[in-house]
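What follows is a short report on a single structure.
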Amino acid sequence: MATSLLHVPPPQSLLQPLAVPERLLLGPGPSNVPPRILAAGGQQLLGHMHPEVLQVMDEIKVGIQYAFQTQNRLTLAISGTGHCAMEAALLNLVERGDTALVAVNGLWGQRAADIARRLGANVHELVKPPGEYFALWDIEEVSASRSAGQRVQASPGDCHLPLCFMQGLAQHKPSVLFITHGESSTGVLQPLEGLGELCHRHGCLLLVDAVASLGGAPIFMDQQEIDVLYSGSQKVLNAPPGSAPISFSERAREKMLRRKMKPPSFYLDMGWLANYWGCDGEPRRYHHTAPINSFFSLREGLAMLVELGLESSWERHRANCTQLCQGLRDLGLELFVKEEKARLPTITTVRVPEGYDWKEITAFLMDNHAIEIAGGLGPSVGKVLRIGLMGCNSTSDNVDRVLHALRDALGCCRRSRL
Ligand code: PMP
């Protein structure tokens, strides 16, 4: 009789072939990976210190410099997703006791505030209702805003929201300001013009999250005086998730050099990463085993953006977003972001139509059309549907496909409260 020392039997599911269905990913990310990028990620491995891999890393660096429009030496890709870059940005710049100001108009500000608090910073939040963006005066001085956070008894229009007064850069004197360029939970594009200069006038560094907007909407790291900018691989760059472009200005680098304590993470310590990425002029030393195949994919994603050109990419996203918005209006849906110029070209939000359950709509699209769109996230849960058109997925054909599927859904889904 066969005996075994194993107490855990082989899992039956792993004895079946891997099953990956075909889907059109038109949610807020990831987006579909085109064959060229898939092929790059499927190449045979090389060693993480082989000259060919270091060469690919150098190509990624110049690709990021182009995508970010920056000359910063300290430009590289984090081995991790967008959250990893967000943590890298904050934990290298913020020390215990520092003051951080965080602009919160959706999920990403909330997450950044959480991370900064974990680092022991004194965090102040500037809060705007989901769907709105910040003007320069909201950030600089005391401003009044209706906070959607705590509802009071109903009164007409927006006035049921309590008026709250927030203090800005001038009062809190933070060492960093965090803001999200493409608020993917609400579909808002944050204007950045003049913000870097304003921050610097107040002795503050500007950290910007461009995970959902890079390549889809103009951003100019150097001209806009952004001190830390990061993004992700799985949105407009059409690579699989797992690597995240990031760059630090000279001001940010100097602040890191003045730190009293080492950053609280070895993996994300920018001193080590700068060396591994050849940004410090020293011989490169092993820091971690880079996700080499993810870097191959990211390199191709950046190469495709370079070939297309940033301006053409911005224009393609703008045009397809405009076509989508018009089609959504024609279906009788209400766009969540009122001002056209504040709409994120990569992710469009519409209010969940009266009487429908958003989960039924997203499930209907998935089951009947193999199309992913998403419901809300964080403060927009239950309020919106989110449709993403990013990188190669931003095409007029995909706009038609998702509009057709939505029309079908609106006809077929139960109007639950009617
Ligand atoms: N910031 C924004 C604006 C995002 O849209 C996302 C991803 N949805 C993230 C950060 C986090 O990225 P990841 O899921 O790759 O960790």
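Ligands are numbered from 1 in the order shown, chains are lettered A, B, ... in the order of the structure tokens, and residues start at 1 in each chain.
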Worksheet entry | strand (DSSP E) per DSSP on the backbone: members of segment 164-310 of chain A, as number ranges by chain | A: 164-166, 176-180, 182-183, 188-189, 205-209, 228-230, 244-248
Practice prompt. Taking the DSSP assignment computed from this structure's backbone, write out as a ChimeraX atom specification all residues of segment 86-250 of chain A that belong to helix (DSSP H, G or I).
Written response: /A:86-93,107-118,136-140,157-160,169-172,195-201,250
Fewer than 3 positions away in the same chain doesn't count, so skip those; otherwise give me all residues within 10 Å of segment 356-359 of chain A, counting only C-alpha atoms, as an mmCIF file with N, CA and C atoms, in the first residue's frame.
```
data_model
loop_
_atom_site.group_PDB
_atom_site.id
_atom_site.type_symbol
_atom_site.label_atom_id
_atom_site.label_comp_id
_atom_site.auth_asym_id
_atom_site.auth_seq_id
_atom_site.Cartn_x
_atom_site.Cartn_y
_atom_site.Cartn_z
ATOM 1 N N ARG A 351 -23.369 58.710 -13.785
ATOM 2 C CA ARG A 351 -24.194 58.342 -12.625
ATOM 3 C C ARG A 351 -24.910 57.034 -12.921
ATOM 4 N N VAL A 352 -25.065 56.187 -11.897
ATOM 5 C CA VAL A 352 -25.865 54.972 -12.058
ATOM 6 C C VAL A 352 -27.286 55.443 -12.355
ATOM 7 N N PRO A 353 -27.862 54.991 -13.494
ATOM 8 C CA PRO A 353 -29.179 55.519 -13.845
ATOM 9 C C PRO A 353 -30.240 55.133 -12.807
ATOM 10 N N THR A 362 -22.977 45.955 -14.657
ATOM 11 C CA THR A 362 -21.595 45.490 -14.918
ATOM 12 C C THR A 362 -21.592 43.978 -15.189
ATOM 13 N N ALA A 363 -22.435 43.236 -14.455
ATOM 14 C CA ALA A 363 -22.492 41.776 -14.664
ATOM 15 C C ALA A 363 -23.081 41.463 -16.044
ATOM 16 N N PHE A 364 -24.050 42.251 -16.467
ATOM 17 C CA PHE A 364 -24.669 42.018 -17.781
ATOM 18 C C PHE A 364 -23.627 42.210 -18.891
ATOM 19 N N ALA A 374 -16.648 49.110 -14.712
ATOM 20 C CA ALA A 374 -16.625 48.992 -13.242
ATOM 21 C C ALA A 374 -17.661 49.899 -12.597
ATOM 22 N N GLY A 375 -18.008 49.545 -11.375
ATOM 23 C CA GLY A 375 -18.807 50.440 -10.542
ATOM 24 C C GLY A 375 -17.885 51.464 -9.896
ATOM 25 N N GLY A 376 -18.394 52.172 -8.912
ATOM 26 C CA GLY A 376 -17.584 53.181 -8.223
ATOM 27 C C GLY A 376 -16.555 52.537 -7.305
ATOM 28 N N VAL A 381 -18.633 54.637 -4.670
ATOM 29 C CA VAL A 381 -19.329 53.340 -4.738
ATOM 30 C C VAL A 381 -20.842 53.566 -4.748
ATOM 31 N N GLY A 382 -21.516 52.877 -5.638
ATOM 32 C CA GLY A 382 -22.981 52.978 -5.710
ATOM 33 C C GLY A 382 -23.462 54.192 -6.480
ATOM 34 N N LYS A 383 -22.540 55.152 -6.727
ATOM 35 C CA LYS A 383 -22.946 56.393 -7.407
ATOM 36 C C LYS A 383 -22.685 56.339 -8.905
ATOM 37 N N VAL A 384 -21.584 55.697 -9.298
ATOM 38 C CA VAL A 384 -21.166 55.811 -10.705
ATOM 39 C C VAL A 384 -20.843 54.462 -11.334
ATOM 40 N N LEU A 385 -20.813 54.499 -12.672
ATOM 41 C CA LEU A 385 -20.199 53.433 -13.468
ATOM 42 C C LEU A 385 -18.954 54.051 -14.082
ATOM 43 N N LEU A 410 -29.274 48.489 -20.621
ATOM 44 C CA LEU A 410 -30.358 49.365 -20.130
ATOM 45 C C LEU A 410 -31.726 48.808 -20.531
ATOM 46 N N CYS A 413 -31.725 44.975 -18.235
ATOM 47 C CA CYS A 413 -31.595 44.846 -16.780
ATOM 48 C C CYS A 413 -32.890 45.287 -16.121
ATOM 49 N N ARG A 414 -33.148 44.633 -15.012
ATOM 50 C CA ARG A 414 -34.357 44.942 -14.253
ATOM 51 C C ARG A 414 -34.254 46.369 -13.713
ATOM 52 N N ARG A 415 -35.341 47.134 -13.883
ATOM 53 C CA ARG A 415 -35.385 48.440 -13.221
ATOM 54 C C ARG A 415 -35.906 48.160 -11.824
ATOM 55 N N SER A 416 -34.950 47.968 -10.880
ATOM 56 C CA SER A 416 -35.314 47.372 -9.606
ATOM 57 C C SER A 416 -36.374 48.123 -8.813
ATOM 58 N N ARG A 417 -36.377 49.448 -8.886
ATOM 59 C CA ARG A 417 -37.299 50.173 -8.032
ATOM 60 C C ARG A 417 -38.535 50.664 -8.786
ATOM 61 N N LEU A 418 -38.728 50.198 -10.039
ATOM 62 C CA LEU A 418 -39.911 50.672 -10.768
ATOM 63 C C LEU A 418 -41.028 49.644 -10.722
#
```
Give one line per residue of chain A that approaches ligand 1 to at most 10 Å, naming the two atoms of the closest pair and their distance in Å to one decimal, counting only C-alpha atoms and all ligand atoms; sort by chain then ascending residue number and deliver it as CSV.
```
residue,atom,partner,partner_atom_place_in_ligand_line,distance
A:Gly27,CA,ligand 1,8 (N),9.7
A:Pro28,CA,ligand 1,8 (N),6.4
A:Gly29,CA,ligand 1,8 (N),6.2
A:Pro30,CA,ligand 1,8 (N),8.0
A:Gly80,CA,ligand 1,16 (O),7.6
A:Thr81,CA,ligand 1,15 (O),3.9
A:Gly82,CA,ligand 1,12 (O),3.4
A:His83,CA,ligand 1,16 (O),3.7
A:Cys84,CA,ligand 1,16 (O),6.4
A:Ala85,CA,ligand 1,16 (O),8.0
A:Met86,CA,ligand 1,10 (C),7.1
A:Glu87,CA,ligand 1,16 (O),9.9
A:Gly106,CA,ligand 1,3 (C),9.2
A:Leu107,CA,ligand 1,3 (C),8.2
A:Trp108,CA,ligand 1,1 (N),5.7
A:Gly109,CA,ligand 1,1 (N),8.9
A:Arg111,CA,ligand 1,10 (C),8.7
A:Ala112,CA,ligand 1,10 (C),9.2
A:Ile179,CA,ligand 1,3 (C),9.8
A:Thr180,CA,ligand 1,3 (C),6.3
A:His181,CA,ligand 1,3 (C),7.4
A:Gly182,CA,ligand 1,3 (C),5.5
A:Glu183,CA,ligand 1,3 (C),5.1
A:Ser184,CA,ligand 1,5 (O),4.6
A:Ser185,CA,ligand 1,5 (O),7.0
A:Thr186,CA,ligand 1,3 (C),9.7
A:Gly187,CA,ligand 1,3 (C),9.6
A:Val188,CA,ligand 1,3 (C),10.0
A:Val208,CA,ligand 1,3 (C),9.6
A:Asp209,CA,ligand 1,1 (N),5.9
A:Ala210,CA,ligand 1,3 (C),6.1
A:Val211,CA,ligand 1,2 (C),4.7
A:Ala212,CA,ligand 1,5 (O),4.6
A:Ser213,CA,ligand 1,3 (C),7.5
A:Leu214,CA,ligand 1,3 (C),9.8
A:Tyr230,CA,ligand 1,1 (N),8.9
A:Ser231,CA,ligand 1,1 (N),7.4
A:Gly232,CA,ligand 1,15 (O),5.7
A:Ser233,CA,ligand 1,15 (O),7.5
A:Gln234,CA,ligand 1,15 (O),7.1
A:Lys235,CA,ligand 1,7 (C),8.4
A:Pro240,CA,ligand 1,15 (O),9.6
A:Pro241,CA,ligand 1,15 (O),6.1
A:Gly242,CA,ligand 1,15 (O),7.1
A:Ser243,CA,ligand 1,15 (O),8.2
A:Ala244,CA,ligand 1,15 (O),7.7
A:Ile347,CA,ligand 1,5 (O),9.3
A:Leu377,CA,ligand 1,8 (N),9.3
```
Worksheet entry | Nearest-residue call for Ile387 of chain A, choices A:Ser31, A:Gln190, A:Asn238, A:Ser312, using only C-alpha atoms |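 Smallest separation from Ile387 of chain A among the options: A:Ser31.
The protein and nucleic acid residues lying at most 9 Å from Val337 of chain A are Pro130, Gly131, Glu132, Thr186, Gly187, Val188, Ala342, Arg343, Leu344, Thr348, Thr349 and Val350 of chain A, with only C-alpha atoms considered and sequence neighbours fewer than 4 positions away removed.
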May I have the selected residues written with all heavy atoms, as a PDB file, in the first residue's frame?
```
ATOM      1  N   PRO A 130     -16.509  64.147  -4.214  1.00  0.00           N
ATOM      2  CA  PRO A 130     -16.129  63.384  -5.406  1.00  0.00           C
ATOM      3  C   PRO A 130     -16.717  64.037  -6.648  1.00  0.00           C
ATOM      4  O   PRO A 130     -17.873  64.454  -6.648  1.00  0.00           O
ATOM      5  CB  PRO A 130     -16.777  62.013  -5.182  1.00  0.00           C
ATOM      6  CG  PRO A 130     -17.083  61.937  -3.724  1.00  0.00           C
ATOM      7  CD  PRO A 130     -17.224  63.336  -3.223  1.00  0.00           C
ATOM      8  N   GLY A 131     -15.912  64.143  -7.696  1.00  0.00           N
ATOM      9  CA  GLY A 131     -16.394  64.755  -8.943  1.00  0.00           C
ATOM     10  C   GLY A 131     -15.866  66.168  -9.113  1.00  0.00           C
ATOM     11  O   GLY A 131     -15.986  66.752 -10.185  1.00  0.00           O
ATOM     12  N   GLU A 132     -15.278  66.736  -8.037  1.00  0.00           N
ATOM     13  CA  GLU A 132     -14.725  68.102  -8.135  1.00  0.00           C
ATOM     14  C   GLU A 132     -13.200  68.066  -8.105  1.00  0.00           C
ATOM     15  O   GLU A 132     -12.603  67.086  -7.691  1.00  0.00           O
ATOM     16  CB  GLU A 132     -15.261  68.956  -6.989  1.00  0.00           C
ATOM     17  CG  GLU A 132     -16.754  69.176  -7.126  1.00  0.00           C
ATOM     18  CD  GLU A 132     -17.282  70.194  -6.136  1.00  0.00           C
ATOM     19  OE1 GLU A 132     -16.481  70.911  -5.516  1.00  0.00           O
ATOM     20  OE2 GLU A 132     -18.516  70.245  -5.997  1.00  0.00           O
ATOM     21  N   THR A 186     -13.281  58.767  -9.478  1.00  0.00           N
ATOM     22  CA  THR A 186     -14.358  59.726  -9.772  1.00  0.00           C
ATOM     23  C   THR A 186     -14.348  60.221 -11.222  1.00  0.00           C
ATOM     24  O   THR A 186     -15.327  60.828 -11.667  1.00  0.00           O
ATOM     25  CB  THR A 186     -14.228  60.971  -8.866  1.00  0.00           C
ATOM     26  OG1 THR A 186     -12.971  61.585  -9.157  1.00  0.00           O
ATOM     27  CG2 THR A 186     -14.311  60.604  -7.394  1.00  0.00           C
ATOM     28  N   GLY A 187     -13.248  60.017 -11.930  1.00  0.00           N
ATOM     29  CA  GLY A 187     -13.154  60.468 -13.329  1.00  0.00           C
ATOM     30  C   GLY A 187     -12.758  61.920 -13.484  1.00  0.00           C
ATOM     31  O   GLY A 187     -13.051  62.538 -14.512  1.00  0.00           O
ATOM     32  N   VAL A 188     -12.059  62.460 -12.484  1.00  0.00           N
ATOM     33  CA  VAL A 188     -11.679  63.880 -12.524  1.00  0.00           C
ATOM     34  C   VAL A 188     -10.208  64.047 -12.939  1.00  0.00           C
ATOM     35  O   VAL A 188      -9.335  63.329 -12.457  1.00  0.00           O
ATOM     36  CB  VAL A 188     -11.899  64.534 -11.144  1.00  0.00           C
ATOM     37  CG1 VAL A 188     -11.247  65.905 -11.059  1.00  0.00           C
ATOM     38  CG2 VAL A 188     -13.389  64.635 -10.844  1.00  0.00           C
ATOM     39  N   ALA A 342     -12.675  69.183 -16.932  1.00  0.00           N
ATOM     40  CA  ALA A 342     -12.277  68.435 -15.726  1.00  0.00           C
ATOM     41  C   ALA A 342     -12.482  66.938 -15.885  1.00  0.00           C
ATOM     42  O   ALA A 342     -12.328  66.185 -14.928  1.00  0.00           O
ATOM     43  CB  ALA A 342     -13.066  68.940 -14.531  1.00  0.00           C
ATOM     44  N   ARG A 343     -12.848  66.505 -17.105  1.00  0.00           N
ATOM     45  CA  ARG A 343     -13.063  65.063 -17.309  1.00  0.00           C
ATOM     46  C   ARG A 343     -11.756  64.378 -17.691  1.00  0.00           C
ATOM     47  O   ARG A 343     -11.067  64.820 -18.613  1.00  0.00           O
ATOM     48  CB  ARG A 343     -14.116  64.814 -18.400  1.00  0.00           C
ATOM     49  CG  ARG A 343     -15.493  65.129 -17.911  1.00  0.00           C
ATOM     50  CD  ARG A 343     -16.574  64.734 -18.906  1.00  0.00           C
ATOM     51  NE  ARG A 343     -17.744  65.523 -18.595  1.00  0.00           N
ATOM     52  CZ  ARG A 343     -18.439  66.264 -19.449  1.00  0.00           C
ATOM     53  NH1 ARG A 343     -18.119  66.259 -20.721  1.00  0.00           N
ATOM     54  NH2 ARG A 343     -19.459  66.969 -19.033  1.00  0.00           N
ATOM     55  N   LEU A 344     -11.493  63.284 -16.999  1.00  0.00           N
ATOM     56  CA  LEU A 344     -10.290  62.497 -17.257  1.00  0.00           C
ATOM     57  C   LEU A 344     -10.468  61.753 -18.588  1.00  0.00           C
ATOM     58  O   LEU A 344     -11.409  60.972 -18.727  1.00  0.00           O
ATOM     59  CB  LEU A 344     -10.153  61.508 -16.090  1.00  0.00           C
ATOM     60  CG  LEU A 344      -8.975  60.571 -16.010  1.00  0.00           C
ATOM     61  CD1 LEU A 344      -7.663  61.333 -16.016  1.00  0.00           C
ATOM     62  CD2 LEU A 344      -9.086  59.737 -14.731  1.00  0.00           C
ATOM     63  N   THR A 348     -14.071  57.543 -17.837  1.00  0.00           N
ATOM     64  CA  THR A 348     -15.281  58.362 -17.832  1.00  0.00           C
ATOM     65  C   THR A 348     -16.267  57.799 -16.808  1.00  0.00           C
ATOM     66  O   THR A 348     -16.452  56.576 -16.735  1.00  0.00           O
ATOM     67  CB  THR A 348     -15.903  58.342 -19.249  1.00  0.00           C
ATOM     68  OG1 THR A 348     -14.938  58.889 -20.152  1.00  0.00           O
ATOM     69  CG2 THR A 348     -17.178  59.161 -19.309  1.00  0.00           C
ATOM     70  N   THR A 349     -16.866  58.696 -16.054  1.00  0.00           N
ATOM     71  CA  THR A 349     -17.838  58.265 -15.037  1.00  0.00           C
ATOM     72  C   THR A 349     -19.225  58.780 -15.405  1.00  0.00           C
ATOM     73  O   THR A 349     -19.388  59.938 -15.801  1.00  0.00           O
ATOM     74  CB  THR A 349     -17.442  58.817 -13.651  1.00  0.00           C
ATOM     75  OG1 THR A 349     -17.015  60.173 -13.794  1.00  0.00           O
ATOM     76  CG2 THR A 349     -16.343  58.011 -13.013  1.00  0.00           C
ATOM     77  N   VAL A 350     -20.223  57.897 -15.265  1.00  0.00           N
ATOM     78  CA  VAL A 350     -21.631  58.325 -15.406  1.00  0.00           C
ATOM     79  C   VAL A 350     -22.359  57.937 -14.130  1.00  0.00           C
ATOM     80  O   VAL A 350     -21.999  56.955 -13.477  1.00  0.00           O
ATOM     81  CB  VAL A 350     -22.377  57.633 -16.579  1.00  0.00           C
ATOM     82  CG1 VAL A 350     -22.044  58.270 -17.883  1.00  0.00           C
ATOM     83  CG2 VAL A 350     -22.165  56.136 -16.599  1.00  0.00           C
TER      84      VAL A 350
END
```
Worksheet entry | Contact residues around Glu59 of chain A with only C-alpha atoms at 9 Å, ignoring same-chain residues under 3 positions, as a list of chain:residue names |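 My list of contacting residues is A:Leu54, A:Gln55, A:Val56, A:Val62, A:Gly63, A:Ile64, A:Arg299, A:Leu302, A:Ala303.
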What does the file look like for those residues with N, CA, C and O atoms, as a PDB file, in the first residue's frame?
```
ATOM      1  N   LEU A  54      20.435  45.452 -17.866  1.00  0.00           N
ATOM      2  CA  LEU A  54      20.751  46.830 -17.439  1.00  0.00           C
ATOM      3  C   LEU A  54      20.475  47.803 -18.592  1.00  0.00           C
ATOM      4  O   LEU A  54      20.011  48.927 -18.382  1.00  0.00           O
ATOM      5  N   GLN A  55      20.756  47.340 -19.806  1.00  0.00           N
ATOM      6  CA  GLN A  55      20.473  48.167 -20.999  1.00  0.00           C
ATOM      7  C   GLN A  55      18.956  48.418 -21.124  1.00  0.00           C
ATOM      8  O   GLN A  55      18.523  49.546 -21.376  1.00  0.00           O
ATOM      9  N   VAL A  56      18.151  47.368 -20.907  1.00  0.00           N
ATOM     10  CA  VAL A  56      16.687  47.537 -20.956  1.00  0.00           C
ATOM     11  C   VAL A  56      16.254  48.537 -19.875  1.00  0.00           C
ATOM     12  O   VAL A  56      15.394  49.408 -20.110  1.00  0.00           O
ATOM     13  N   VAL A  62      14.879  56.305 -19.990  1.00  0.00           N
ATOM     14  CA  VAL A  62      14.687  57.401 -20.961  1.00  0.00           C
ATOM     15  C   VAL A  62      13.243  57.446 -21.443  1.00  0.00           C
ATOM     16  O   VAL A  62      12.692  58.512 -21.728  1.00  0.00           O
ATOM     17  N   GLY A  63      12.605  56.286 -21.488  1.00  0.00           N
ATOM     18  CA  GLY A  63      11.177  56.241 -21.849  1.00  0.00           C
ATOM     19  C   GLY A  63      10.333  56.969 -20.812  1.00  0.00           C
ATOM     20  O   GLY A  63       9.407  57.715 -21.152  1.00  0.00           O
ATOM     21  N   ILE A  64      10.650  56.758 -19.542  1.00  0.00           N
ATOM     22  CA  ILE A  64       9.897  57.450 -18.472  1.00  0.00           C
ATOM     23  C   ILE A  64      10.184  58.954 -18.532  1.00  0.00           C
ATOM     24  O   ILE A  64       9.277  59.780 -18.375  1.00  0.00           O
ATOM     25  N   ARG A 299       9.155  48.121 -21.035  1.00  0.00           N
ATOM     26  CA  ARG A 299      10.022  48.721 -22.073  1.00  0.00           C
ATOM     27  C   ARG A 299       9.254  48.822 -23.392  1.00  0.00           C
ATOM     28  O   ARG A 299       9.302  49.837 -24.077  1.00  0.00           O
ATOM     29  N   LEU A 302       6.463  51.484 -23.166  1.00  0.00           N
ATOM     30  CA  LEU A 302       7.030  52.831 -23.335  1.00  0.00           C
ATOM     31  C   LEU A 302       7.450  53.057 -24.792  1.00  0.00           C
ATOM     32  O   LEU A 302       7.255  54.147 -25.341  1.00  0.00           O
ATOM     33  N   ALA A 303       8.004  51.991 -25.413  1.00  0.00           N
ATOM     34  CA  ALA A 303       8.441  52.124 -26.815  1.00  0.00           C
ATOM     35  C   ALA A 303       7.237  52.450 -27.699  1.00  0.00           C
ATOM     36  O   ALA A 303       7.329  53.287 -28.609  1.00  0.00           O
TER      37      ALA A 303
END
```
Worksheet item: Pick the closest to Phe266 of chain A from A:His287, A:Arg253, A:Gly378, A:His7: which is it, counting only C-alpha atoms?
Response: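 Nearest candidate to Phe266 of chain A out of A:His287, A:Arg253, A:Gly378, A:His7: A:His287.
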For Ala370 of chain A, please output as a compact mmCIF listing (two decimals) with N, CA and C atoms, in the first residue's frame all residues within 10 Å (counting only C-alpha atoms; exclusion window: fewer than 4 positions along the same chain).
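Contents of selection34.txt, as written:
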```txt
# COMPACT_ATOMS: atom_id res chain seq x y z
N PRO A 21 -10.07 33.50 -20.05
CA PRO A 21 -11.00 33.86 -21.11
C PRO A 21 -10.60 35.16 -21.82
N GLU A 22 -11.14 35.36 -23.00
CA GLU A 22 -10.95 36.62 -23.76
C GLU A 22 -11.90 37.67 -23.21
N ARG A 23 -11.40 38.82 -22.83
CA ARG A 23 -12.28 39.89 -22.36
C ARG A 23 -11.76 41.23 -22.85
N LEU A 24 -12.71 42.13 -23.08
CA LEU A 24 -12.31 43.50 -23.40
C LEU A 24 -12.34 44.28 -22.09
N LEU A 25 -11.18 44.73 -21.66
CA LEU A 25 -11.07 45.37 -20.34
C LEU A 25 -11.27 46.88 -20.48
N ALA A 363 -22.43 43.24 -14.45
CA ALA A 363 -22.49 41.78 -14.66
C ALA A 363 -23.08 41.46 -16.04
N PHE A 364 -24.05 42.25 -16.47
CA PHE A 364 -24.67 42.02 -17.78
C PHE A 364 -23.63 42.21 -18.89
N LEU A 365 -22.85 43.26 -18.78
CA LEU A 365 -21.83 43.51 -19.81
C LEU A 365 -20.80 42.38 -19.85
N MET A 366 -20.44 41.92 -18.67
CA MET A 366 -19.44 40.84 -18.60
C MET A 366 -20.03 39.54 -19.17
N ALA A 405 -23.23 47.69 -25.93
CA ALA A 405 -23.46 46.79 -24.78
C ALA A 405 -24.28 47.50 -23.69
```
